[in-house]
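Novice: First the structure, which I've put down as structure tokens, then a few questions once you've had a look.
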Amino acid sequence: MSYAAAAPAPTPTMSGVAARAVGLDKVYGEGETRVVALDQVSVDFAAGQFTAIMGPSGSGKSTLMHCMAGLDTISSGSVRIGDVELASLGEKKLTRLRRDKIGFIFQAFNLLPTLTAAENITLPLDIAGRKPDPAWMNAVIETVGLSGRLTHRPSQLSGGQQQRVAVARALVARPEIIFADEPTGNLDSRSGAEVLGFLRESVRAMGQTVVMVTHDPVAAGYADRVVFLADGRIVEELHRPTADSVLDRMRRFDGRGRTQ
Amino acid sequence: MLRTAVRNLFAHKARLMMTVLAVLLGVAFVSGTLVFSDTVGDALKNASAKNLDDVAVSVSAEQEPPKPDGRRVTALTDRTVDAVRAVPGVRTVRADVTGDAVLAAKDGKPVGDAWQNRAVNYQPGPDGKDSRYPLVAGRGPATAGEVALAEATARKAGYRIGDTVRFATDGPVLAKKLVGLVSTDDPKVTAGGSLTLLDTATAQRLYLHPGQYDELVVSSKPGTDEAALTREIRAAVPEKAANVTSGTALAEEQSRMLTDQNTALTSTLLTFAGIALFVGVFIIANTFTMLISQRRREIALLRAVGAARRQVVRSVLVEATLLGVVASAVGMGLGIGLALGIRSVLNANDAGLPDGPLVISPLTYLVSLATGTVVTVLAAWLPSRRAAKIAPVEALSTVDTQPAPRSLVLRNIFGALIAGLGVAVMCYVSTLESSDDLPLAMLGSALTMTGVIVLAPLLSRPLVRLTGAVTGRLFGTVGKLARENALRNPRRTAATGSALMIGLTLITGMAVVGNSAESAIDRMTATQLTAEYQVSTSTFSGLDPKLAAKAAQIPDVTAVAPMRHSSFLLGDEGVVLNGTDPRTIAQVTALKVVQGSVGTVRGEGIALSRTTAEKAGLRAGQRITVELPDQKKHRLTVAAVYEDNDIAGDAFSDLPLVSYGPDEAPKDDALLVKTAHGASDATAAKLRAAFGDNPLVKVENHEELRQETAGPIGMMVNMVYGLLGMAVVIAVVGVINTLAMSVFERTREIGMLRAIGLARAGIKQMVRLESVVISLFGAILGIGVGLFLAWAGGSLLASSWRLYETLLPWGRLSLFVAIALAVGLLAAIWPARRAAKLNMLEAIGAH
């Protein structure tokens with residue numbers, strides 16, 4: 001099943017869609033150096049679902065995530081988080097939207113080395129001047145298994161533990177959607193599996209919406225749905241994937257002459 | 001490797017600018033001082049050489065104490081003049097009579113500084129004019145009723161030719177008609193003094209006796225041997241009554257004197273230059289440390305491809321040398337401008353420095369360049385050693401490995417030892433009372449400051465937490481992040497704070513000592529002097545004893561106590577003895593008698609201050625035998641002992657006991673005047689009138705006395721502020737530098753913070769607060785150490801200022817904190833803007 005690039009996306013009720021892009025273009029440079037990173041991308045990310053975005057290097061998967069998350073501006077089209085049209089927001093409102101409605105997990109853990117694990121987890125709430133809900137905070141910490149390490153600084157934690165702090169940080173503010181950019185890229189496979197387990201668990205048990213960019217088929221196998229990008233377009237989609245079925249799809253792209 | 005060094009130098013232009021600025025300001029100060037002192041020294045020497053140009057031999061009369069009529073006697077008479085004139089080879093002989101004459105300006109106030117009001121006899125040559133003092137207008141004084149003035153003096157006093165000039169030498173007011181104006185290049189006149197010319201007979205009558213002279217200035221015929229002429233003239237004048245000096249020797253002596261005066265100013269200025277450079281060292285060292293940590297991977301790569309440790313060190317040092325040379329060169333240029341600036345500022349304050357061409361000696365070039373370069377290279381030396389320790393393998397690692405923080409244990413032990421020693425010395429100093437111990441106090445201060453600088457990383461933790469607690473409370477998460485950032489690299493925070501600390505320590509020390517001294521003066525005049533007025537003479541020549549009685553006759557005046565200073569030795573201690581009127585002394589000062597009574601202080605009776613009595617182990621009623629200045633032994637009775645009192649001094653007695661040599665006329669040094677209805681302009685005017693409106697006589701009320709004593713202190717403190725302000729400017733550069741580096745290092749964190757919802761304004765705020773926290777840390781250290789040193793060293797003033805006690809100038813201290821705050825905010829402007837401008841996506845992905 002593939003979406004024709006120009007075809008309008010199906011219109012499910014907004015309540016079921018956490019984020020939506022319609023006719024999204026992202027163009028870098030001008031004239032000779034013009035590069036089209038995203039070409040008329042339209043995609044929905046359903047609420048309470050774990051979606052993986054895959055694609056070879058340069059396919060535009062990170063750009064798509066950055067545009068959806070309000071980290072980057074778009075050239076044309078529309079991006080919505082919930083009911084909010086991102087293109088209509090100025091710098092300040094965009095920052096506030098990211099703070100209040102979006103959670104982030106990055107590849108290189110991106111914790112503040114000066115803060116303890118607990119302080120890192122509550123950082124977005126602290127910035128917003130909000131108090132964390134203690135029960136929810138405990139639940140999140142319990143889930144990611146950091147109970148004994150809350151007073152540790154990042155330098156005293158392993159890579160896996162650091163990324164679990166990052167996951168907890170993304171979860172604790174109950175964002176409408178979490179964007180994860182290669183969250184397992186720097187982890188060994190066991191730690192990576194743990195982190196992915198927590199992400200899937202947060203979707204299943206807490207109803208969280210997660211969008212993850214990855215190039216690892218095993219990671220994508222944890223998702224409910226995989227969207228494949230190539231040359232700035234969505235070319236494939238896979239529901240209830242397994243690592244094998246994802247790998248299978250990827251090989252088919254390669255068979256068609258694409259290289260990773 | 002040279003190419004690498006040069007490339008590196010240009011790769012970080014902004015950082016480079018900052019470091020250059022730190023070196024540059026210090027070097028500018030050094031070269032400015034040197035150029036200034038050379039230029040002024042040269043100009044002064046030229047001026048004095050010109051004055052002495054025509055002088056082959058000088059015959060000056062031996063100084064003799066004045067006779068009872070106030071006039072000196074010299075052995076240089078008309079006969080001596082004739083004898084000298086008869087010596088072969090002599091062309092002309094000027095016979096000078098020199099004295100002091102204080103002019104009253106048109107408005108009645110004295111003109112010029114008290115010690116530079118010269119009066120000289122006008123000596124017309126065959127053409128009727130005195131070649132030494134060329135006439136600008138009018139003619140020279142010829143009769144007793146005439147006077148000429150230097151043009152500058154007349155302008156200052158507001159006199160024109162034809163006016164009646166009022167002046168006093170040391171007696172009554174004289175009035176003479178102004179008949180001429182002359183020009184002079186005498187530095188004393190241009191430097192705020194005055195010059196009055198009288199006809200020779202009048203001058204002799206005022207200062208000497210008819211037919212006597214102070215100095216004979218001899219010019220020689222061409223081809224005369226100066227040394228031989230000097231010998232011959234020496235033979236021609238009365239032997240013991242005159243000094244015969246050759247013109248060359250005179251010139252040498254003057255030049256040596258001028259150089260000495262100059263050296264004092266130069267060394268003061270160079271001290272400040274040294275402080276500026278010392279502060280600069282921290283910034284340079286900090287910059288190089290940061291540059292190297294920023295280039296770790298690069299350096300590792302160089303090592304991996306085969307560069308030796310030695311080469312890495314050399315490359316860093318070459319970079320430092322280039323930087324030092326460039327900064328020194330620019331600094332020297334700036335210094336020349338500075339030298340001109342100093343001269344015009346001083347001249348604007350009546351320093352009267354002669355004009356002259358700018359003198360830039362090769363030594364100035366050498367010293368400036370060498371100082372700047374050596375300081376830079378020395379400061380870069382430790383960082384370069386650290387660079388050499390970077391392992392080649394770091395080039396290959398994918399993750400940024402910041403070096404493990406080096407242990408501070410050794411540094412802390414070392415710092416604690418130095419600081420401990422310094423504090424111990426200062427605590428010992430605080431028990432001393434003599435200003436002779438100043439060198440020890442300076443050593444202790446230097447040790448304490450150095451120790452605290454070494455300990456600064458250790459101290460930074462609690463102090464930054466303290467200031468951070470405030471910012472955290474006020475600014476929430478952003479304030480907390482700022483605090484944590486400042487704590488992250490204690491060495492860097494410490495070095496940055498130390499640069500600010502040094503300036504503030506010195507400024508605080510000066511401010512506290514200045515304030516304490518001023519308030520001591522205030523209390524002295526306010527609590528001890530119950531008289532409304534002090535009458536004295538501006539030339540310290542003393543007042544005619546008759547004036548005390550005259551003042552007492554003014555209706556409003558209730559008591560007059562004359563003061564006649566003298567001294568004697570009591571055991572080994574010098575005791576200042578004031579001759580006064582024991583019947584009135586208690587009315588002009590708050591005198592607390594603890595033993596005996598003032599009523600019995602008469603004849604050979606004497607009153608001692610409690611300290612003086614205790615030191616000598618004396619009680620009222622006991623007797624002592626001392627030799628007074630009249631060179632006679634006196635058997636004195638201790639009639640009273642009183643609480644220490646600055647007005648009454650160590651001891652006082654009835655006037656007649658205080659006399660000078662047998663031939664000297666008694667004079668009162670001051671009169672303390674108590675009035676019935678307090679001080680008022682009318683009373684002051686009546687007093688002045690009683691003294692014949694004499695420009696020599698000063699009638700001062702409390703406020704004027706306070707000003708006179710405290711004024712110079714305030715001026716000195718202000719000057720030091722100005723000079724040390726430069727150290728603060730350099731400190732700002734240091735803070736900018738550190739922040740720029742912090743922002744660079746934390747690019748990724750800043751990106752992440754922006755992504756998770758910290759607005760640009762929040763990022764700016766974070767950098768700003770970090771800057772403020774570091775600056776306040778420096779301020780707390782500086783003010784703290786400054787207060788301690790001022791407290792400990794203040795005791796040294798206690799010997800001369802009995803009422804001295806350490807008093808904190810709260811207003812100024814809060815001003816310093818405010819300045820630190822401003823430094824923080826100012827320094828953060830550029831780094832904060834840079835941090836806020838960072839591209840978020842690039843920042844997140846940055847390695």
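The chains in the structure tokens are called A, B, ... from first to last as shown; in each chain the residues are counted from 1, and the ligands are counted from 1 in the order shown.
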Do a neighbour search on Ile102 (chain A) at 7 Å with only C-alpha atoms, toss out local chain neighbours closer than 4 positions, and write the hits as number ranges by chain.

Specialist: A: 97-98, 175-178

Novice: Using only N, CA and C atoms, please write the residues we just selected to a file, as an mmCIF file, in the first residue's frame.

Specialist:
```
data_model
loop_
_atom_site.group_PDB
_atom_site.id
_atom_site.type_symbol
_atom_site.label_atom_id
_atom_site.label_comp_id
_atom_site.auth_asym_id
_atom_site.auth_seq_id
_atom_site.Cartn_x
_atom_site.Cartn_y
_atom_site.Cartn_z
ATOM 1 N N LEU A 97 5.320 25.411 22.184
ATOM 2 C CA LEU A 97 4.661 24.185 21.728
ATOM 3 C C LEU A 97 5.566 22.981 21.957
ATOM 4 N N ARG A 98 6.839 23.143 21.590
ATOM 5 C CA ARG A 98 7.783 22.036 21.798
ATOM 6 C C ARG A 98 7.874 21.686 23.273
ATOM 7 N N PRO A 175 3.739 14.565 26.899
ATOM 8 C CA PRO A 175 3.574 15.314 25.654
ATOM 9 C C PRO A 175 2.555 14.621 24.751
ATOM 10 N N GLU A 176 2.030 15.363 23.808
ATOM 11 C CA GLU A 176 1.075 14.763 22.875
ATOM 12 C C GLU A 176 1.792 13.786 21.972
ATOM 13 N N ILE A 177 3.056 14.058 21.723
ATOM 14 C CA ILE A 177 3.793 13.193 20.809
ATOM 15 C C ILE A 177 5.278 13.228 21.176
ATOM 16 N N ILE A 178 5.933 12.070 21.047
ATOM 17 C CA ILE A 178 7.370 12.012 21.308
ATOM 18 C C ILE A 178 8.085 11.723 20.001
#
```

Novice: Taking a cut-off of 9 Å and counting only C-alpha atoms, can you build a table that, for each residue of chain B near chain A, reports the nearest atom pair and how far apart they are in Å (one decimal), sorted by chain then residue number, as CSV?

Specialist:
```
residue,atom,partner,partner_atom,distance
B:Gly476,CA,A:Asp126,CA,7.9
B:Thr477,CA,A:Asp126,CA,5.9
B:Val478,CA,A:Ile127,CA,7.3
B:Leu481,CA,A:Thr114,CA,7.8
B:Glu484,CA,A:Thr114,CA,5.7
B:Asn485,CA,A:Thr114,CA,7.0
B:Leu487,CA,A:Thr114,CA,8.5
B:Arg488,CA,A:Thr114,CA,7.0
B:Arg748,CA,A:Asn110,CA,7.4
B:Glu749,CA,A:Asn110,CA,6.4
B:Met752,CA,A:Asn110,CA,6.3
B:Leu753,CA,A:Pro124,CA,8.4
B:Arg754,CA,A:Thr95,CA,7.3
B:Ala755,CA,A:Leu71,CA,6.7
B:Ile756,CA,A:Arg99,CA,5.3
B:Gly757,CA,A:Arg99,CA,3.9
B:Leu758,CA,A:Ile127,CA,6.5
B:Ala759,CA,A:Thr95,CA,5.8
B:Arg760,CA,A:Lys92,CA,8.2
B:Gly762,CA,A:Ile127,CA,8.8
B:Met840,CA,A:Leu71,CA,7.3
B:Leu841,CA,A:Leu71,CA,6.9
B:Ile844,CA,A:Asn110,CA,8.0
B:Gly845,CA,A:Ala108,CA,8.4
```

Novice: Tell me, as a list in words, which residues lie within 8 Å of Gly232 (chain A), counting only C-alpha atoms; anything in the same chain fewer than 2 positions away does not count.

Specialist: Val36, Ala37, Leu38, Asp39, Val41, Ser59, Gly60, Lys61, Leu229, Ala230 and Ile234 of chain A

Novice: Output N, CA and C atoms for every residue in that selection, as a PDB file, in the first residue's frame.

Specialist:
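And here's out13.pdb as it stands now:
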```pdb
ATOM      1  N   VAL A  36      16.007  19.278  -2.890  1.00  0.00           N
ATOM      2  CA  VAL A  36      14.674  19.019  -2.343  1.00  0.00           C
ATOM      3  C   VAL A  36      14.798  17.894  -1.338  1.00  0.00           C
ATOM      4  N   ALA A  37      14.624  18.233  -0.066  1.00  0.00           N
ATOM      5  CA  ALA A  37      14.770  17.224   0.980  1.00  0.00           C
ATOM      6  C   ALA A  37      13.460  16.467   1.184  1.00  0.00           C
ATOM      7  N   LEU A  38      12.349  17.200   1.125  1.00  0.00           N
ATOM      8  CA  LEU A  38      11.026  16.575   1.242  1.00  0.00           C
ATOM      9  C   LEU A  38      10.176  17.050   0.067  1.00  0.00           C
ATOM     10  N   ASP A  39       9.512  16.124  -0.548  1.00  0.00           N
ATOM     11  CA  ASP A  39       8.800  16.449  -1.779  1.00  0.00           C
ATOM     12  C   ASP A  39       7.340  16.044  -1.621  1.00  0.00           C
ATOM     13  N   VAL A  41       5.238  15.605   0.886  1.00  0.00           N
ATOM     14  CA  VAL A  41       4.974  14.506   1.806  1.00  0.00           C
ATOM     15  C   VAL A  41       3.676  14.756   2.554  1.00  0.00           C
ATOM     16  N   SER A  59      17.452  10.205   2.656  1.00  0.00           N
ATOM     17  CA  SER A  59      16.080  10.015   2.170  1.00  0.00           C
ATOM     18  C   SER A  59      15.165  11.115   2.689  1.00  0.00           C
ATOM     19  N   GLY A  60      15.608  11.824   3.727  1.00  0.00           N
ATOM     20  CA  GLY A  60      14.772  12.902   4.259  1.00  0.00           C
ATOM     21  C   GLY A  60      14.061  12.521   5.532  1.00  0.00           C
ATOM     22  N   LYS A  61      14.419  11.367   6.105  1.00  0.00           N
ATOM     23  CA  LYS A  61      13.658  10.929   7.291  1.00  0.00           C
ATOM     24  C   LYS A  61      13.902  11.837   8.499  1.00  0.00           C
ATOM     25  N   LEU A 229      10.813   6.118   3.616  1.00  0.00           N
ATOM     26  CA  LEU A 229      11.056   7.321   2.821  1.00  0.00           C
ATOM     27  C   LEU A 229      12.199   7.068   1.851  1.00  0.00           C
ATOM     28  N   ALA A 230      12.088   7.619   0.674  1.00  0.00           N
ATOM     29  CA  ALA A 230      13.216   7.573  -0.272  1.00  0.00           C
ATOM     30  C   ALA A 230      13.146   8.821  -1.119  1.00  0.00           C
ATOM     31  N   ILE A 234       7.374   9.517   0.517  1.00  0.00           N
ATOM     32  CA  ILE A 234       6.999   8.282   1.206  1.00  0.00           C
ATOM     33  C   ILE A 234       6.746   7.224   0.138  1.00  0.00           C
TER      34      ILE A 234
END
```

Novice: If you run DSSP on this backbone, which residues of region 106-296 of chain B come out as strand (DSSP E), and could you give them as a PyMOL selection string?

Specialist: chain B and resi 117-122+135-138+146-150+164-168+173-182+194-199+212-213+215-220+242-246

Novice: Find the distance between CA of Met501 (chain B) and CA of Thr471 (chain B) and write it in Å to one decimal.

Specialist: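 One can read the CA of Met501 (chain B) to CA of Thr471 (chain B) distance as 20.3 Å.
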
Novice: Dump as CSV the rows for residues of region 716-820 of chain B within 9 Å of region 427-438 of chain B: closest atom pair and distance in Å with one decimal, only C-alpha atoms counted, ordered by chain and rising residue number.

Specialist:
```
residue,atom,partner,partner_atom,distance
B:Trp791,CA,B:Ser430,CA,7.4
B:Ala792,CA,B:Ser430,CA,4.3
B:Gly793,CA,B:Ser430,CA,6.0
B:Gly794,CA,B:Ser430,CA,7.3
B:Ser795,CA,B:Ser430,CA,5.4
B:Leu796,CA,B:Glu433,CA,4.5
B:Leu797,CA,B:Ser435,CA,6.4
B:Ala798,CA,B:Glu433,CA,5.8
B:Ser799,CA,B:Glu433,CA,5.4
B:Ser800,CA,B:Ser434,CA,8.2
```

Novice: Take the residues that were just selected and, keeping N, CA and C atoms, output them as a PDB file, in the first residue's frame.

Specialist:
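And here's selection-v5.pdb as it stands now:
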```pdb
ATOM      1  N   TRP B 791      41.682  45.876  57.017  1.00  0.00           N
ATOM      2  CA  TRP B 791      41.559  45.796  58.482  1.00  0.00           C
ATOM      3  C   TRP B 791      42.941  45.562  59.119  1.00  0.00           C
ATOM      4  N   ALA B 792      43.657  44.570  58.571  1.00  0.00           N
ATOM      5  CA  ALA B 792      44.939  44.189  59.167  1.00  0.00           C
ATOM      6  C   ALA B 792      45.962  45.307  59.003  1.00  0.00           C
ATOM      7  N   GLY B 793      45.989  45.907  57.804  1.00  0.00           N
ATOM      8  CA  GLY B 793      47.009  46.925  57.544  1.00  0.00           C
ATOM      9  C   GLY B 793      46.667  48.270  58.163  1.00  0.00           C
ATOM     10  N   GLY B 794      45.374  48.462  58.476  1.00  0.00           N
ATOM     11  CA  GLY B 794      44.930  49.757  58.994  1.00  0.00           C
ATOM     12  C   GLY B 794      45.610  50.109  60.311  1.00  0.00           C
ATOM     13  N   SER B 795      46.006  49.080  61.051  1.00  0.00           N
ATOM     14  CA  SER B 795      46.621  49.354  62.357  1.00  0.00           C
ATOM     15  C   SER B 795      47.898  50.162  62.208  1.00  0.00           C
ATOM     16  N   LEU B 796      48.530  50.020  61.031  1.00  0.00           N
ATOM     17  CA  LEU B 796      49.788  50.740  60.840  1.00  0.00           C
ATOM     18  C   LEU B 796      49.578  52.250  60.862  1.00  0.00           C
ATOM     19  N   LEU B 797      48.326  52.659  60.574  1.00  0.00           N
ATOM     20  CA  LEU B 797      48.034  54.087  60.570  1.00  0.00           C
ATOM     21  C   LEU B 797      47.757  54.588  61.978  1.00  0.00           C
ATOM     22  N   ALA B 798      47.525  53.637  62.879  1.00  0.00           N
ATOM     23  CA  ALA B 798      47.065  54.022  64.209  1.00  0.00           C
ATOM     24  C   ALA B 798      48.080  54.883  64.937  1.00  0.00           C
ATOM     25  N   SER B 799      49.366  54.718  64.605  1.00  0.00           N
ATOM     26  CA  SER B 799      50.363  55.493  65.336  1.00  0.00           C
ATOM     27  C   SER B 799      50.200  56.980  65.052  1.00  0.00           C
ATOM     28  N   SER B 800      49.940  57.308  63.775  1.00  0.00           N
ATOM     29  CA  SER B 800      49.817  58.724  63.459  1.00  0.00           C
ATOM     30  C   SER B 800      48.370  59.192  63.562  1.00  0.00           C
TER      31      SER B 800
END
```

Novice: Give me the residues near Leu146 (chain A) as an MDAnalysis selection string, where near means some atom within 8 Å (using only C-alpha atoms) and where sequence neighbours in that chain fewer than 2 positions away do not count.

Specialist: chainID A and resid 141:142 144 148:150 161 164:165

Novice: Generate the output file for the selected residues, C-alpha atoms, as a PDB file, in the first residue's frame.

Specialist:
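Ended up saving to out.pdb:
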```pdb
ATOM      1  CA  ILE A 141      10.755   6.194  36.633  1.00  0.00           C
ATOM      2  CA  GLU A 142       9.521   2.749  37.594  1.00  0.00           C
ATOM      3  CA  VAL A 144      12.363   2.913  32.791  1.00  0.00           C
ATOM      4  CA  GLY A 148      18.053   3.727  42.326  1.00  0.00           C
ATOM      5  CA  ARG A 149      19.905   6.175  40.151  1.00  0.00           C
ATOM      6  CA  LEU A 150      17.965   9.403  40.406  1.00  0.00           C
ATOM      7  CA  GLN A 161      20.911   4.318  31.545  1.00  0.00           C
ATOM      8  CA  ARG A 164      16.564   5.745  29.703  1.00  0.00           C
ATOM      9  CA  VAL A 165      16.825   9.107  31.492  1.00  0.00           C
TER      10      VAL A 165
END
```

Novice: Fewer than 4 positions away in the same chain doesn't count, so skip those; otherwise give me all residues within 12 Å of Pro183 (chain A), counting only C-alpha atoms, as an NGL selection string.

Specialist: :A and (52 or 104-110 or 159-160 or 162-167 or 170 or 178-179 or 187-189 or 191-199 or 210-216 or 219-220)

Novice: Pull N, CA and C atoms from the residues just selected and write them as a compact mmCIF listing (two decimals), in the first residue's frame.

Specialist:
```txt
# COMPACT_ATOMS: atom_id res chain seq x y z
N ALA A 52 7.53 4.13 13.11
CA ALA A 52 8.95 4.26 12.78
C ALA A 52 9.06 4.86 11.39
N PHE A 104 11.28 14.86 23.26
CA PHE A 104 12.37 14.52 22.34
C PHE A 104 13.31 13.49 22.95
N ILE A 105 13.74 12.56 22.10
CA ILE A 105 14.84 11.67 22.49
C ILE A 105 15.85 11.71 21.34
N PHE A 106 17.08 12.05 21.65
CA PHE A 106 18.08 12.18 20.59
C PHE A 106 19.05 11.00 20.62
N GLN A 107 19.80 10.92 19.53
CA GLN A 107 20.75 9.82 19.41
C GLN A 107 21.84 9.90 20.49
N ALA A 108 22.46 11.07 20.58
CA ALA A 108 23.49 11.23 21.60
C ALA A 108 22.84 11.90 22.78
N PHE A 109 22.71 11.15 23.77
CA PHE A 109 21.77 11.29 24.89
C PHE A 109 21.33 12.70 25.24
N ASN A 110 22.17 13.68 25.03
CA ASN A 110 21.73 15.06 25.25
C ASN A 110 21.16 15.31 26.62
N GLY A 159 25.63 4.24 29.10
CA GLY A 159 24.95 4.78 27.94
C GLY A 159 23.47 4.42 27.93
N GLY A 160 23.18 3.16 28.25
CA GLY A 160 21.78 2.72 28.25
C GLY A 160 20.98 3.47 29.31
N GLN A 162 21.66 6.38 30.52
CA GLN A 162 21.50 7.77 30.10
C GLN A 162 20.33 7.91 29.14
N GLN A 163 20.22 6.95 28.21
CA GLN A 163 19.14 7.06 27.25
C GLN A 163 17.80 6.79 27.92
N ARG A 164 17.82 5.97 28.98
CA ARG A 164 16.56 5.75 29.70
C ARG A 164 16.15 7.04 30.42
N VAL A 165 17.15 7.80 30.90
CA VAL A 165 16.82 9.11 31.49
C VAL A 165 16.18 10.00 30.43
N ALA A 166 16.74 9.95 29.22
CA ALA A 166 16.19 10.77 28.14
C ALA A 166 14.75 10.35 27.83
N VAL A 167 14.50 9.03 27.87
CA VAL A 167 13.14 8.55 27.61
C VAL A 167 12.20 9.05 28.71
N ALA A 170 11.34 12.57 28.24
CA ALA A 170 10.34 12.80 27.21
C ALA A 170 8.95 12.44 27.71
N ILE A 178 5.93 12.07 21.05
CA ILE A 178 7.37 12.01 21.31
C ILE A 178 8.09 11.72 20.00
N PHE A 179 9.08 12.53 19.70
CA PHE A 179 9.91 12.26 18.54
C PHE A 179 11.25 11.72 19.01
N LEU A 187 23.83 2.83 21.26
CA LEU A 187 23.74 1.85 22.35
C LEU A 187 24.10 0.46 21.86
N ASP A 188 24.58 -0.36 22.79
CA ASP A 188 24.77 -1.78 22.45
C ASP A 188 23.39 -2.40 22.32
N SER A 189 23.31 -3.61 21.74
CA SER A 189 22.00 -4.14 21.37
C SER A 189 21.12 -4.41 22.59
N SER A 191 21.08 -2.79 25.56
CA SER A 191 20.54 -1.52 26.05
C SER A 191 19.53 -0.96 25.07
N GLY A 192 19.85 -1.11 23.77
CA GLY A 192 18.94 -0.62 22.73
C GLY A 192 17.58 -1.31 22.86
N ALA A 193 17.62 -2.62 23.05
CA ALA A 193 16.38 -3.37 23.18
C ALA A 193 15.58 -2.89 24.38
N GLU A 194 16.27 -2.59 25.46
CA GLU A 194 15.58 -2.09 26.66
C GLU A 194 14.87 -0.78 26.36
N VAL A 195 15.58 0.13 25.75
CA VAL A 195 15.01 1.45 25.46
C VAL A 195 13.80 1.31 24.55
N LEU A 196 13.95 0.48 23.51
CA LEU A 196 12.83 0.29 22.59
C LEU A 196 11.65 -0.34 23.31
N GLY A 197 11.97 -1.26 24.24
CA GLY A 197 10.92 -1.89 25.04
C GLY A 197 10.14 -0.84 25.82
N PHE A 198 10.87 0.11 26.40
CA PHE A 198 10.18 1.16 27.17
C PHE A 198 9.32 2.01 26.27
N LEU A 199 9.81 2.32 25.10
CA LEU A 199 9.03 3.16 24.19
C LEU A 199 7.74 2.43 23.82
N VAL A 210 4.40 7.85 19.73
CA VAL A 210 5.83 7.94 19.51
C VAL A 210 6.14 7.87 18.03
N VAL A 211 6.96 8.77 17.56
CA VAL A 211 7.45 8.70 16.18
C VAL A 211 8.96 8.59 16.27
N MET A 212 9.51 7.53 15.62
CA MET A 212 10.94 7.27 15.78
C MET A 212 11.60 7.18 14.41
N VAL A 213 12.68 7.91 14.25
CA VAL A 213 13.47 7.79 13.03
C VAL A 213 14.56 6.77 13.30
N THR A 214 14.72 5.80 12.43
CA THR A 214 15.77 4.80 12.63
C THR A 214 16.20 4.21 11.30
N HIS A 215 17.40 3.67 11.28
CA HIS A 215 17.76 2.90 10.09
C HIS A 215 18.00 1.43 10.46
N ASP A 216 17.63 1.11 11.72
CA ASP A 216 17.85 -0.24 12.21
C ASP A 216 16.55 -1.04 12.11
N ALA A 219 15.06 -2.16 15.37
CA ALA A 219 14.37 -1.10 16.09
C ALA A 219 12.99 -0.88 15.49
N ALA A 220 12.93 -0.85 14.17
CA ALA A 220 11.65 -0.62 13.50
C ALA A 220 10.68 -1.73 13.82
```
